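What follows is run.cif (mmCIF, C-alpha atoms and all ligand atoms).
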data_upload
loop_
_atom_site.group_PDB
_atom_site.id
_atom_site.type_symbol
_atom_site.label_atom_id
_atom_site.label_comp_id
_atom_site.auth_asym_id
_atom_site.auth_seq_id
_atom_site.Cartn_x
_atom_site.Cartn_y
_atom_site.Cartn_z
ATOM 1 C CA MET A 679 0.000 0.000 0.000
ATOM 2 C CA SER A 680 1.702 3.208 -1.084
ATOM 3 C CA ALA A 681 1.554 6.270 1.131
ATOM 4 C CA ASP A 682 0.753 8.871 -1.522
ATOM 5 C CA SER A 683 -2.526 7.283 -2.517
ATOM 6 C CA GLN A 684 -3.663 7.622 1.075
ATOM 7 C CA SER A 685 -2.930 11.336 1.222
ATOM 8 C CA LYS A 686 -5.440 13.641 2.865
ATOM 9 C CA THR A 687 -8.441 14.416 0.742
ATOM 10 C CA GLU A 688 -9.107 17.976 1.904
ATOM 11 C CA THR A 689 -6.823 19.648 -0.633
ATOM 12 C CA SER A 690 -7.911 22.766 -2.470
ATOM 13 C CA ALA A 691 -8.289 20.707 -5.645
ATOM 14 C CA ASP A 692 -10.743 18.444 -3.890
ATOM 15 C CA LEU A 693 -12.770 21.337 -2.574
ATOM 16 C CA ALA A 694 -12.916 22.737 -6.094
ATOM 17 C CA THR A 695 -14.163 19.404 -7.445
ATOM 18 C CA ALA A 696 -16.761 19.184 -4.710
ATOM 19 C CA LYS A 697 -18.312 22.423 -5.926
ATOM 20 C CA THR A 698 -18.936 21.160 -9.449
ATOM 21 C CA ALA A 699 -21.728 18.733 -8.727
ATOM 22 C CA GLY A 700 -21.138 15.175 -9.782
ATOM 23 C CA SER A 701 -17.724 15.750 -11.297
ATOM 24 C CA THR A 702 -16.180 12.861 -9.373
ATOM 25 C CA ALA A 703 -19.061 10.698 -10.529
ATOM 26 C CA THR A 704 -17.534 10.248 -13.964
ATOM 27 C CA ALA A 705 -13.859 9.718 -13.240
ATOM 28 C CA PHE A 706 -11.191 9.934 -10.615
ATOM 29 C CA ARG A 707 -8.620 12.521 -11.585
ATOM 30 C CA ASP A 708 -6.419 12.987 -8.554
ATOM 31 C CA PHE A 709 -3.720 10.415 -9.303
ATOM 32 C CA THR A 710 -0.172 10.090 -10.571
ATOM 33 C CA PRO A 711 0.018 8.161 -13.859
ATOM 34 C CA TYR A 712 1.693 4.803 -13.431
ATOM 35 C CA LYS A 713 5.211 4.484 -14.793
ATOM 36 C CA ALA A 714 5.643 0.974 -16.116
ATOM 37 C CA LYS A 715 9.126 -0.522 -16.040
ATOM 38 C CA LYS A 716 10.758 -1.715 -19.229
ATOM 39 C CA ASN A 717 9.228 -5.024 -20.319
ATOM 40 C CA GLU A 718 6.756 -4.859 -17.499
ATOM 41 C CA GLU A 719 3.954 -7.314 -17.963
ATOM 42 C CA TYR A 720 0.446 -5.948 -18.538
ATOM 43 C CA MET A 721 -1.559 -5.972 -15.292
ATOM 44 C CA SER A 722 1.519 -6.723 -13.207
ATOM 45 C CA GLU A 723 1.226 -6.697 -9.428
ATOM 46 C CA GLY A 724 2.390 -3.062 -9.450
ATOM 47 C CA GLN A 725 -0.221 -1.988 -11.974
ATOM 48 C CA LEU A 726 -2.976 -3.845 -10.190
ATOM 49 C CA GLU A 727 -1.997 -2.248 -6.901
ATOM 50 C CA HIS A 728 -1.901 1.183 -8.520
ATOM 51 C CA LEU A 729 -5.399 0.734 -9.945
ATOM 52 C CA ARG A 730 -6.689 -0.759 -6.708
ATOM 53 C CA ASN A 731 -5.382 2.295 -4.827
ATOM 54 C CA MET A 732 -7.072 4.574 -7.335
ATOM 55 C CA LEU A 733 -10.383 2.773 -6.987
ATOM 56 C CA THR A 734 -10.160 2.829 -3.196
ATOM 57 C CA ALA A 735 -9.361 6.550 -3.101
ATOM 58 C CA TRP A 736 -12.138 7.301 -5.576
ATOM 59 C CA ARG A 737 -14.597 5.255 -3.531
ATOM 60 C CA GLN A 738 -13.551 7.152 -0.408
ATOM 61 C CA GLU A 739 -14.095 10.463 -2.162
ATOM 62 C CA LEU A 740 -17.568 9.440 -3.315
ATOM 63 C CA MET A 741 -18.515 8.249 0.163
ATOM 64 C CA GLU A 742 -17.518 11.628 1.565
ATOM 65 C CA GLU A 743 -19.577 13.343 -1.085
ATOM 66 C CA VAL A 744 -22.623 11.269 -0.209
ATOM 67 C CA ASP A 745 -22.140 12.206 3.458
ATOM 68 C CA ARG A 746 -21.837 15.864 2.545
ATOM 69 C CA THR A 747 -25.097 15.722 0.621
ATOM 70 C CA VAL A 748 -26.927 14.118 3.537
ATOM 71 C CA ASN A 749 -25.553 16.649 6.005
ATOM 72 C CA HIS A 750 -26.357 19.532 3.718
ATOM 73 C CA MET A 751 -29.960 18.385 3.300
ATOM 74 C CA GLN A 752 -30.366 17.869 7.038
ATOM 75 C CA ASP A 753 -28.992 21.329 7.757
ATOM 76 C CA GLU A 754 -31.239 23.036 5.266
ATOM 77 C CA ALA A 755 -34.435 21.050 5.629
ATOM 78 C CA ALA A 756 -37.578 22.952 6.620
ATOM 79 C CA ASN A 757 -35.922 26.331 7.004
ATOM 80 C CA PHE A 758 -38.064 28.116 4.437
ATOM 81 C CA PRO A 759 -41.576 29.229 5.432
ATOM 82 C CA ASP A 760 -42.097 30.884 2.020
ATOM 83 C CA PRO A 761 -43.618 28.392 -0.494
ATOM 84 C CA ALA A 762 -41.559 29.818 -3.378
ATOM 85 C CA ASP A 763 -38.358 29.321 -1.442
ATOM 86 C CA ARG A 764 -39.513 25.881 -0.474
ATOM 87 C CA ALA A 765 -40.133 24.975 -4.121
ATOM 88 C CA THR A 766 -36.622 26.061 -5.026
ATOM 89 C CA GLN A 767 -35.295 24.091 -2.135
ATOM 90 C CA GLU A 768 -37.204 20.992 -3.129
ATOM 91 C CA GLU A 769 -35.867 21.261 -6.642
ATOM 92 C CA GLU A 770 -32.378 21.580 -5.242
ATOM 93 C CA PHE A 771 -32.936 18.527 -3.081
ATOM 94 C CA SER A 772 -34.179 16.441 -5.953
ATOM 95 C CA ILE A 773 -31.046 17.290 -7.917
ATOM 96 C CA GLU A 774 -28.958 16.342 -4.920
ATOM 97 C CA LEU A 775 -30.845 13.106 -4.491
ATOM 98 C CA ARG A 776 -30.229 12.212 -8.123
ATOM 99 C CA THR A 777 -26.550 12.974 -7.717
ATOM 100 C CA ARG A 778 -26.457 10.869 -4.594
ATOM 101 C CA ASP A 779 -28.190 8.033 -6.375
ATOM 102 C CA ARG A 780 -25.623 8.212 -9.160
ATOM 103 C CA GLU A 781 -22.823 8.206 -6.610
ATOM 104 C CA ARG A 782 -24.273 5.172 -4.856
ATOM 105 C CA LYS A 783 -24.478 3.263 -8.137
ATOM 106 C CA LEU A 784 -20.930 4.234 -8.914
ATOM 107 C CA ILE A 785 -19.758 3.069 -5.491
ATOM 108 C CA ASN A 786 -21.376 -0.305 -6.229
ATOM 109 C CA LYS A 787 -19.648 -0.415 -9.582
ATOM 110 C CA ILE A 788 -16.332 0.369 -7.896
ATOM 111 C CA ASP A 789 -16.925 -2.454 -5.394
ATOM 112 C CA VAL A 790 -17.564 -4.896 -8.222
ATOM 113 C CA THR A 791 -14.449 -3.651 -10.005
ATOM 114 C CA ILE A 792 -12.250 -4.066 -6.915
ATOM 115 C CA GLU A 793 -13.579 -7.592 -6.518
ATOM 116 C CA ARG A 794 -12.775 -8.357 -10.143
ATOM 117 C CA LEU A 795 -9.338 -6.902 -9.698
ATOM 118 C CA ASP A 796 -8.706 -9.108 -6.676
ATOM 119 C CA THR A 797 -9.721 -12.222 -8.551
ATOM 120 C CA GLU A 798 -7.342 -11.160 -11.365
ATOM 121 C CA ASP A 799 -10.012 -11.075 -14.012
ATOM 122 C CA TYR A 800 -9.370 -7.437 -14.715
ATOM 123 C CA GLY A 801 -8.031 -5.246 -17.490
ATOM 124 C CA TYR A 802 -9.302 -7.252 -20.455
ATOM 125 C CA CYS A 803 -12.240 -6.404 -22.704
ATOM 126 C CA ASP A 804 -15.407 -8.294 -21.782
ATOM 127 C CA THR A 805 -16.453 -8.404 -25.403
ATOM 128 C CA CYS A 806 -13.333 -9.220 -27.438
ATOM 129 C CA GLY A 807 -10.805 -10.149 -24.765
ATOM 130 C CA ILE A 808 -7.997 -7.758 -25.706
ATOM 131 C CA GLU A 809 -6.107 -5.610 -23.208
ATOM 132 C CA ILE A 810 -8.120 -2.532 -22.265
ATOM 133 C CA GLY A 811 -4.858 -0.667 -21.660
ATOM 134 C CA LEU A 812 -3.383 0.937 -18.594
ATOM 135 C CA ARG A 813 -3.998 4.540 -19.677
ATOM 136 C CA ARG A 814 -7.658 3.866 -20.422
ATOM 137 C CA LEU A 815 -8.052 2.106 -17.081
ATOM 138 C CA GLU A 816 -6.475 5.054 -15.307
ATOM 139 C CA ALA A 817 -8.953 7.383 -16.996
ATOM 140 C CA ARG A 818 -11.817 4.986 -16.299
ATOM 141 C CA PRO A 819 -10.868 2.278 -13.798
ATOM 142 C CA THR A 820 -14.345 0.731 -13.965
ATOM 143 C CA ALA A 821 -14.097 0.131 -17.740
ATOM 144 C CA THR A 822 -14.897 -3.428 -18.782
ATOM 145 C CA GLN A 823 -14.538 -2.933 -22.525
ATOM 146 C CA CYS A 824 -11.840 -1.722 -24.891
ATOM 147 C CA VAL A 825 -12.399 1.601 -26.671
ATOM 148 C CA ASP A 826 -13.515 -0.087 -29.908
ATOM 149 C CA CYS A 827 -16.128 -2.367 -28.367
ATOM 150 C CA LYS A 828 -17.377 0.458 -26.181
ATOM 151 C CA SER A 829 -17.844 2.786 -29.160
ATOM 152 C CA LEU A 830 -19.534 0.032 -31.139
ATOM 153 C CA ASP A 831 -21.956 -0.617 -28.283
ATOM 154 C CA GLU A 832 -22.730 3.066 -28.023
ATOM 155 C CA ILE A 833 -23.502 3.240 -31.741
ATOM 156 C CA LYS A 834 -25.793 0.204 -31.442
ATOM 157 C CA GLU A 835 -27.438 1.731 -28.386
ATOM 158 C CA ARG A 836 -28.155 4.927 -30.318
ATOM 159 C CA GLN A 837 -29.630 2.961 -33.218
ATOM 160 C CA ILE A 838 -31.955 1.020 -30.904
ATOM 161 C CA HIS A 839 -33.111 4.006 -28.916
ATOM 162 C CA GLY A 840 -33.104 6.442 -31.839
HETATM 163 ZN ZN ZN B 901 -13.079 -5.152 -27.126
#
Show me, as structure tokens, the structure contained in the file I just sent.
Ligand SMILES: [Zn+2]
Amino acid sequence: MSADSQSKTETSADLATAKTAGSTATAFRDFTPYKAKKNEEYMSEGQLEHLRNMLTAWRQELMEEVDRTVNHMQDEAANFPDPADRATQEEEFSIELRTRDRERKLINKIDVTIERLDTEDYGYCDTCGIEIGLRRLEARPTATQCVDCKSLDEIKERQIHG
């Protein structure tokens, strides 16, 4: 377990991310790209540990965000006697609840990914079996498909749903 991945989360960068709602819900950006050694095997112990650390840190960040949302809603609940204010507040809450729901789903996805990683069935495309690639996994550690299969699926998806 490397020390830098466990660094404190309350950096100014993190506070900035927290302000843009849901930004951590798409990817985890606060990491140092992995430097593979010469001839290093794909999904070596080092790479797996690096990605596991990323997933764990990302999960932690999302959990904190969920907590923040709950606290925020508890603090603000029922403080507006004016119906117009209350409507605005309810709208705000529903956005927050959606964000929280998305975060929860993502946390589940991260859990599944960590489990996959631990059983060493990780880093290969579910559809065609090729290496997903370290850089792509760093950008999207929960990816289960290579770029090509993913794009193809998205095109199919669009054709089905118009
Ligand atoms: Zn593929």
Query raised in the report: Which residues, protein or nucleic acid, reach to within 12 Å of (-3.8, 2.2, -23.7) in the file's coordinates when using only C-alpha atoms, and can you give that as a list of chain:residue names?
Result: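 Answer for this query, in the requested form: A:Tyr712, A:Tyr720, A:Met721, A:Gly801, A:Tyr802, A:Ile808, A:Glu809, A:Ile810, A:Gly811, A:Leu812, A:Arg813, A:Arg814, A:Leu815, A:Glu816, A:Ala817, A:Arg818, A:Gln823, A:Cys824, A:Val825, A:Asp826.
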Requested in this report: May I ask for the distance between CA of Arg836 (chain A) and CA of Thr822 (chain A), given in Å to one decimal place?
Outcome: 19.5 Å
Query raised in the report: Pick from A:Arg746, A:Glu719, A:Thr734, A:Pro711: nearest to Glu793 (chain A), with only C-alpha atoms counted?
Result: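 The answer is A:Thr734, which sits nearest to Glu793 (chain A).
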Report summary line: Using only C-alpha atoms, the residue out of A:Thr820, A:Thr766, A:Gln725, A:Gln837 with shortest distance to Thr791 (chain A) is A:Thr820
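Compared by their closest atoms to Val748 (chain A), and using all atoms listed in the file, the residues A:Ser829, A:Cys803, A:Arg778, A:Arg764 rank with A:Arg778 nearest.
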Query raised in the report: Looking at A:Asp779, A:Glu754, A:Asp831, A:Glu739, which one is nearest to Gln767 (chain A), with distances taken over all atoms listed in the file?
Result: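 Distance minimum relative to Gln767 (chain A) lands on A:Glu754.
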Query - Nearest residue to ligand ZN 901 (chain B) from the set A:Leu795, A:Cys806, A:Ala821, A:Ile838 (distances using only C-alpha atoms and all ligand atoms) - result: A:Cys806
Query raised in the report: Quick one: distance from CA of Val790 (chain A) to CA of Ala735 (chain A) in Å, one decimal?
Result: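 Value for the CA of Val790 (chain A)-CA of Ala735 (chain A) distance: 15.0 Å.
Of the residues under consideration (A:Glu742, A:Asp804, A:Asp763, A:Glu723), A:Asp804 shows the shortest atom-to-atom contact distance to ligand ZN 901 (chain B) when counting all atoms listed in the file.
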Query raised in the report: How many Å lie between CA of Thr797 (chain A) and CA of Leu726 (chain A), rounded to one decimal?
Result: 10.9 Å
Would you give the centre and edge lengths, in Å to one decimal, of a box along x, y and z around the listed atoms of region 757-764 of chain A, with 6 Å added to each side, as lines of an AutoDock Vina configuration file?
center_x = -39.8
center_y = 28.4
center_z = 1.8
size_x = 19.7
size_y = 17.0
size_z = 22.4
With N, CA and C atoms as the target, complete region 794-828 of chain A and hand it back as a PDB file, in the frame of the given file.
ATOM      1  N   ARG A 794     -13.315  -7.793  -8.902  1.00  0.00           N
ATOM      2  CA  ARG A 794     -12.775  -8.357 -10.143  1.00  0.00           C
ATOM      3  C   ARG A 794     -11.263  -8.294 -10.144  1.00  0.00           C
ATOM      4  N   LEU A 795     -10.775  -7.131  -9.713  1.00  0.00           N
ATOM      5  CA  LEU A 795      -9.338  -6.902  -9.698  1.00  0.00           C
ATOM      6  C   LEU A 795      -8.651  -7.904  -8.770  1.00  0.00           C
ATOM      7  N   ASP A 796      -9.293  -8.185  -7.646  1.00  0.00           N
ATOM      8  CA  ASP A 796      -8.706  -9.108  -6.676  1.00  0.00           C
ATOM      9  C   ASP A 796      -8.743 -10.558  -7.149  1.00  0.00           C
ATOM     10  N   THR A 797      -9.682 -10.852  -8.030  1.00  0.00           N
ATOM     11  CA  THR A 797      -9.721 -12.222  -8.551  1.00  0.00           C
ATOM     12  C   THR A 797      -8.939 -12.313  -9.865  1.00  0.00           C
ATOM     13  N   GLU A 798      -8.246 -11.245 -10.209  1.00  0.00           N
ATOM     14  CA  GLU A 798      -7.342 -11.160 -11.365  1.00  0.00           C
ATOM     15  C   GLU A 798      -8.021 -11.293 -12.717  1.00  0.00           C
ATOM     16  N   ASP A 799      -9.304 -11.107 -12.741  1.00  0.00           N
ATOM     17  CA  ASP A 799     -10.012 -11.075 -14.012  1.00  0.00           C
ATOM     18  C   ASP A 799     -10.293  -9.613 -14.329  1.00  0.00           C
ATOM     19  N   TYR A 800      -9.229  -8.881 -14.587  1.00  0.00           N
ATOM     20  CA  TYR A 800      -9.370  -7.437 -14.715  1.00  0.00           C
ATOM     21  C   TYR A 800      -8.421  -6.909 -15.783  1.00  0.00           C
ATOM     22  N   GLY A 801      -8.894  -5.906 -16.524  1.00  0.00           N
ATOM     23  CA  GLY A 801      -8.031  -5.246 -17.490  1.00  0.00           C
ATOM     24  C   GLY A 801      -8.180  -5.747 -18.918  1.00  0.00           C
ATOM     25  N   TYR A 802      -9.074  -6.730 -19.118  1.00  0.00           N
ATOM     26  CA  TYR A 802      -9.302  -7.252 -20.455  1.00  0.00           C
ATOM     27  C   TYR A 802     -10.743  -6.989 -20.888  1.00  0.00           C
ATOM     28  N   CYS A 803     -10.924  -6.737 -22.179  1.00  0.00           N
ATOM     29  CA  CYS A 803     -12.240  -6.404 -22.704  1.00  0.00           C
ATOM     30  C   CYS A 803     -13.214  -7.572 -22.539  1.00  0.00           C
ATOM     31  N   ASP A 804     -14.371  -7.275 -21.977  1.00  0.00           N
ATOM     32  CA  ASP A 804     -15.407  -8.294 -21.782  1.00  0.00           C
ATOM     33  C   ASP A 804     -15.927  -8.844 -23.103  1.00  0.00           C
ATOM     34  N   THR A 805     -15.866  -8.013 -24.133  1.00  0.00           N
ATOM     35  CA  THR A 805     -16.453  -8.404 -25.403  1.00  0.00           C
ATOM     36  C   THR A 805     -15.462  -9.151 -26.304  1.00  0.00           C
ATOM     37  N   CYS A 806     -14.261  -8.598 -26.490  1.00  0.00           N
ATOM     38  CA  CYS A 806     -13.333  -9.220 -27.438  1.00  0.00           C
ATOM     39  C   CYS A 806     -12.095  -9.811 -26.768  1.00  0.00           C
ATOM     40  N   GLY A 807     -11.895  -9.514 -25.510  1.00  0.00           N
ATOM     41  CA  GLY A 807     -10.805 -10.149 -24.765  1.00  0.00           C
ATOM     42  C   GLY A 807      -9.445  -9.481 -24.846  1.00  0.00           C
ATOM     43  N   ILE A 808      -9.317  -8.399 -25.630  1.00  0.00           N
ATOM     44  CA  ILE A 808      -7.997  -7.758 -25.706  1.00  0.00           C
ATOM     45  C   ILE A 808      -7.735  -6.886 -24.478  1.00  0.00           C
ATOM     46  N   GLU A 809      -6.479  -6.465 -24.332  1.00  0.00           N
ATOM     47  CA  GLU A 809      -6.107  -5.610 -23.208  1.00  0.00           C
ATOM     48  C   GLU A 809      -6.816  -4.258 -23.324  1.00  0.00           C
ATOM     49  N   ILE A 810      -7.437  -3.831 -22.253  1.00  0.00           N
ATOM     50  CA  ILE A 810      -8.120  -2.532 -22.265  1.00  0.00           C
ATOM     51  C   ILE A 810      -7.076  -1.414 -22.303  1.00  0.00           C
ATOM     52  N   GLY A 811      -5.949  -1.644 -21.652  1.00  0.00           N
ATOM     53  CA  GLY A 811      -4.858  -0.667 -21.660  1.00  0.00           C
ATOM     54  C   GLY A 811      -4.794   0.112 -20.372  1.00  0.00           C
ATOM     55  N   LEU A 812      -3.582   0.284 -19.888  1.00  0.00           N
ATOM     56  CA  LEU A 812      -3.383   0.937 -18.594  1.00  0.00           C
ATOM     57  C   LEU A 812      -3.884   2.375 -18.590  1.00  0.00           C
ATOM     58  N   ARG A 813      -3.595   3.117 -19.654  1.00  0.00           N
ATOM     59  CA  ARG A 813      -3.998   4.540 -19.677  1.00  0.00           C
ATOM     60  C   ARG A 813      -5.522   4.684 -19.663  1.00  0.00           C
ATOM     61  N   ARG A 814      -6.195   3.820 -20.404  1.00  0.00           N
ATOM     62  CA  ARG A 814      -7.658   3.866 -20.422  1.00  0.00           C
ATOM     63  C   ARG A 814      -8.212   3.491 -19.047  1.00  0.00           C
ATOM     64  N   LEU A 815      -7.583   2.511 -18.405  1.00  0.00           N
ATOM     65  CA  LEU A 815      -8.052   2.106 -17.081  1.00  0.00           C
ATOM     66  C   LEU A 815      -7.814   3.208 -16.050  1.00  0.00           C
ATOM     67  N   GLU A 816      -6.725   3.940 -16.232  1.00  0.00           N
ATOM     68  CA  GLU A 816      -6.475   5.054 -15.307  1.00  0.00           C
ATOM     69  C   GLU A 816      -7.542   6.131 -15.479  1.00  0.00           C
ATOM     70  N   ALA A 817      -7.925   6.371 -16.727  1.00  0.00           N
ATOM     71  CA  ALA A 817      -8.953   7.383 -16.996  1.00  0.00           C
ATOM     72  C   ALA A 817     -10.319   6.885 -16.554  1.00  0.00           C
ATOM     73  N   ARG A 818     -10.517   5.568 -16.623  1.00  0.00           N
ATOM     74  CA  ARG A 818     -11.817   4.986 -16.299  1.00  0.00           C
ATOM     75  C   ARG A 818     -11.600   3.589 -15.708  1.00  0.00           C
ATOM     76  N   PRO A 819     -11.245   3.562 -14.409  1.00  0.00           N
ATOM     77  CA  PRO A 819     -10.868   2.278 -13.798  1.00  0.00           C
ATOM     78  C   PRO A 819     -11.989   1.238 -13.789  1.00  0.00           C
ATOM     79  N   THR A 820     -13.239   1.685 -13.984  1.00  0.00           N
ATOM     80  CA  THR A 820     -14.345   0.731 -13.965  1.00  0.00           C
ATOM     81  C   THR A 820     -14.649   0.184 -15.366  1.00  0.00           C
ATOM     82  N   ALA A 821     -13.845   0.575 -16.365  1.00  0.00           N
ATOM     83  CA  ALA A 821     -14.097   0.131 -17.740  1.00  0.00           C
ATOM     84  C   ALA A 821     -13.991  -1.389 -17.849  1.00  0.00           C
ATOM     85  N   THR A 822     -14.937  -1.983 -18.572  1.00  0.00           N
ATOM     86  CA  THR A 822     -14.897  -3.428 -18.782  1.00  0.00           C
ATOM     87  C   THR A 822     -14.773  -3.763 -20.271  1.00  0.00           C
ATOM     88  N   GLN A 823     -14.666  -2.721 -21.084  1.00  0.00           N
ATOM     89  CA  GLN A 823     -14.538  -2.933 -22.525  1.00  0.00           C
ATOM     90  C   GLN A 823     -13.410  -2.078 -23.091  1.00  0.00           C
ATOM     91  N   CYS A 824     -12.825  -2.531 -24.201  1.00  0.00           N
ATOM     92  CA  CYS A 824     -11.840  -1.722 -24.891  1.00  0.00           C
ATOM     93  C   CYS A 824     -12.566  -0.568 -25.596  1.00  0.00           C
ATOM     94  N   VAL A 825     -11.799   0.420 -26.050  1.00  0.00           N
ATOM     95  CA  VAL A 825     -12.399   1.601 -26.671  1.00  0.00           C
ATOM     96  C   VAL A 825     -13.280   1.217 -27.866  1.00  0.00           C
ATOM     97  N   ASP A 826     -12.788   0.296 -28.702  1.00  0.00           N
ATOM     98  CA  ASP A 826     -13.515  -0.087 -29.908  1.00  0.00           C
ATOM     99  C   ASP A 826     -14.863  -0.724 -29.593  1.00  0.00           C
ATOM    100  N   CYS A 827     -14.872  -1.688 -28.706  1.00  0.00           N
ATOM    101  CA  CYS A 827     -16.128  -2.367 -28.367  1.00  0.00           C
ATOM    102  C   CYS A 827     -17.095  -1.400 -27.698  1.00  0.00           C
ATOM    103  N   LYS A 828     -16.551  -0.534 -26.865  1.00  0.00           N
ATOM    104  CA  LYS A 828     -17.377   0.458 -26.181  1.00  0.00           C
ATOM    105  C   LYS A 828     -18.055   1.384 -27.199  1.00  0.00           C
TER     106      LYS A 828
END
